[in-house]
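K.L.:
My questions all concern the structure below.
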Amino acid sequence: MTATKAFVDTNILVYSVDQRDLRKQEMAQSLLRKLSLAGNGVISAQITQEFSVTLISKLRYTPSQVREFCAGLSDLEFVAPTFQTTITALRIMERWQLSFWDSLLFAAAKDADCQILYTEDLSHGQVIEGIRIINPFLP
């Protein structure tokens, strides 16, 4: 039996390096370690791009520091968007009334056959397109 694949949203990655909330930092680091060891964590191009921009613009990391953080994510599966990913995102957007960027997360997660989306930005427990949203920071 294969492990349940889990897509990781940008905010989880940001918290893993953001020292302003040590509780969330430890929880995010623990989740990423668990997914890396199990080999069932997934990120996309959109996630690494948003992560990089956030670290540089909001947390004031240098590009070389961000490059090292990104290199540390190499144990996670990386899914690259295709033309069909965009088409799927637009369908999800229309059906679920989500933003395009949130819809693109679900489309990428579907591309990778994920069953879970870890994020704090959407409704915990909701299932969209067969993918359960889990906020790992809830008690």
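Chains: A, B, ... in order of the structure tokens. Residues: from 1 per chain. Ligands: from 1, in order shown.
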Please identify the helix (DSSP H, G or I) residues within stretch 14-114 of chain A (assignment by DSSP from backbone atoms) and present them as an MDAnalysis selection string.

P.N.:
chainID A and resid 14:17 22:38 45:57 63:71 83:96 100:111

K.L.:
Mind running stretch 93-135 of chain A against stretch 23-44 of chain A at 12 Å and telling me each contacting residue's nearest atom pair with the distance in Å (one decimal), counting only C-alpha atoms, chain and number ascending, as a tab-separated table?

P.N.:
residue	atom	partner	partner_atom	distance
A:Leu104	CA	A:Ser44	CA	9.7
A:Leu105	CA	A:Ser44	CA	8.0
A:Phe106	CA	A:Ser44	CA	10.6
A:Ala107	CA	A:Ser44	CA	10.3
A:Ala108	CA	A:Ser44	CA	6.7
A:Ala109	CA	A:Val42	CA	7.7
A:Lys110	CA	A:Val42	CA	10.8
A:Asp111	CA	A:Ser44	CA	10.0
A:Ala112	CA	A:Val42	CA	7.4
A:Asp113	CA	A:Val42	CA	9.6
A:Cys114	CA	A:Val42	CA	7.9
A:Gln115	CA	A:Asn40	CA	10.5
A:Ile116	CA	A:Gly41	CA	9.6
A:Leu117	CA	A:Val42	CA	9.3
A:Tyr118	CA	A:Leu31	CA	9.3
A:Thr119	CA	A:Ala28	CA	10.3
A:Glu120	CA	A:Lys24	CA	10.8
A:Ile134	CA	A:Leu31	CA	11.7
A:Asn135	CA	A:Ala28	CA	10.6

K.L.:
Take the residues that were just selected and, keeping C-alpha atoms, output them as a PDB file, in the first residue's frame.

P.N.:
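To be explicit, this is the file written out as out.pdb:
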ATOM      1  CA  LEU A 104      -3.939  26.143  -9.146  1.00  0.00           C
ATOM      2  CA  LEU A 105      -2.817  24.542  -5.853  1.00  0.00           C
ATOM      3  CA  PHE A 106      -5.590  21.973  -6.136  1.00  0.00           C
ATOM      4  CA  ALA A 107      -4.876  21.370  -9.827  1.00  0.00           C
ATOM      5  CA  ALA A 108      -1.188  20.728  -9.076  1.00  0.00           C
ATOM      6  CA  ALA A 109      -2.124  18.496  -6.139  1.00  0.00           C
ATOM      7  CA  LYS A 110      -4.431  16.510  -8.448  1.00  0.00           C
ATOM      8  CA  ASP A 111      -1.605  16.220 -11.006  1.00  0.00           C
ATOM      9  CA  ALA A 112       0.486  14.565  -8.280  1.00  0.00           C
ATOM     10  CA  ASP A 113      -2.374  12.339  -7.018  1.00  0.00           C
ATOM     11  CA  CYS A 114      -2.376  13.969  -3.576  1.00  0.00           C
ATOM     12  CA  GLN A 115      -5.140  13.237  -1.068  1.00  0.00           C
ATOM     13  CA  ILE A 116      -4.176  15.967   1.424  1.00  0.00           C
ATOM     14  CA  LEU A 117      -3.380  19.680   1.186  1.00  0.00           C
ATOM     15  CA  TYR A 118      -1.550  21.106   4.204  1.00  0.00           C
ATOM     16  CA  THR A 119      -2.353  24.804   4.584  1.00  0.00           C
ATOM     17  CA  GLU A 120      -3.630  27.271   7.152  1.00  0.00           C
ATOM     18  CA  ILE A 134      -5.610  19.996   6.835  1.00  0.00           C
ATOM     19  CA  ASN A 135      -4.412  22.931   8.934  1.00  0.00           C
TER      20      ASN A 135
END

K.L.:
Any idea what's packed within 12 Å of A:Ser64, counting only C-alpha atoms, ignoring anything in its chain fewer than 5 positions away? Could you give it as a list in words?

P.N.:
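Once the adjacent positions are removed, what remains is Ser52, Leu55, Ile56, Phe69, Cys70 and Ala71 of chain A.
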
K.L.:
Step one, run DSSP on the backbone; step two, keep only residues of chain A assigned to strand (DSSP E or B); then write them as a ChimeraX atom specification.

P.N.:
/A:6-8,41-44,77-79,116-118,127-128,131-134

K.L.:
Figure out the distance between atom CA of A:Asp9 and atom CA of A:Gln84, please, to one decimal in Å.

P.N.:
20.3 Å

K.L.:
Env of A:Arg91: 9 Å cut, atoms = only C-alpha atoms, seq-sep filter 5 positions within chain, self excluded. Answer as a PyMOL selection string.

P.N.:
chain A and resi 86+96+103
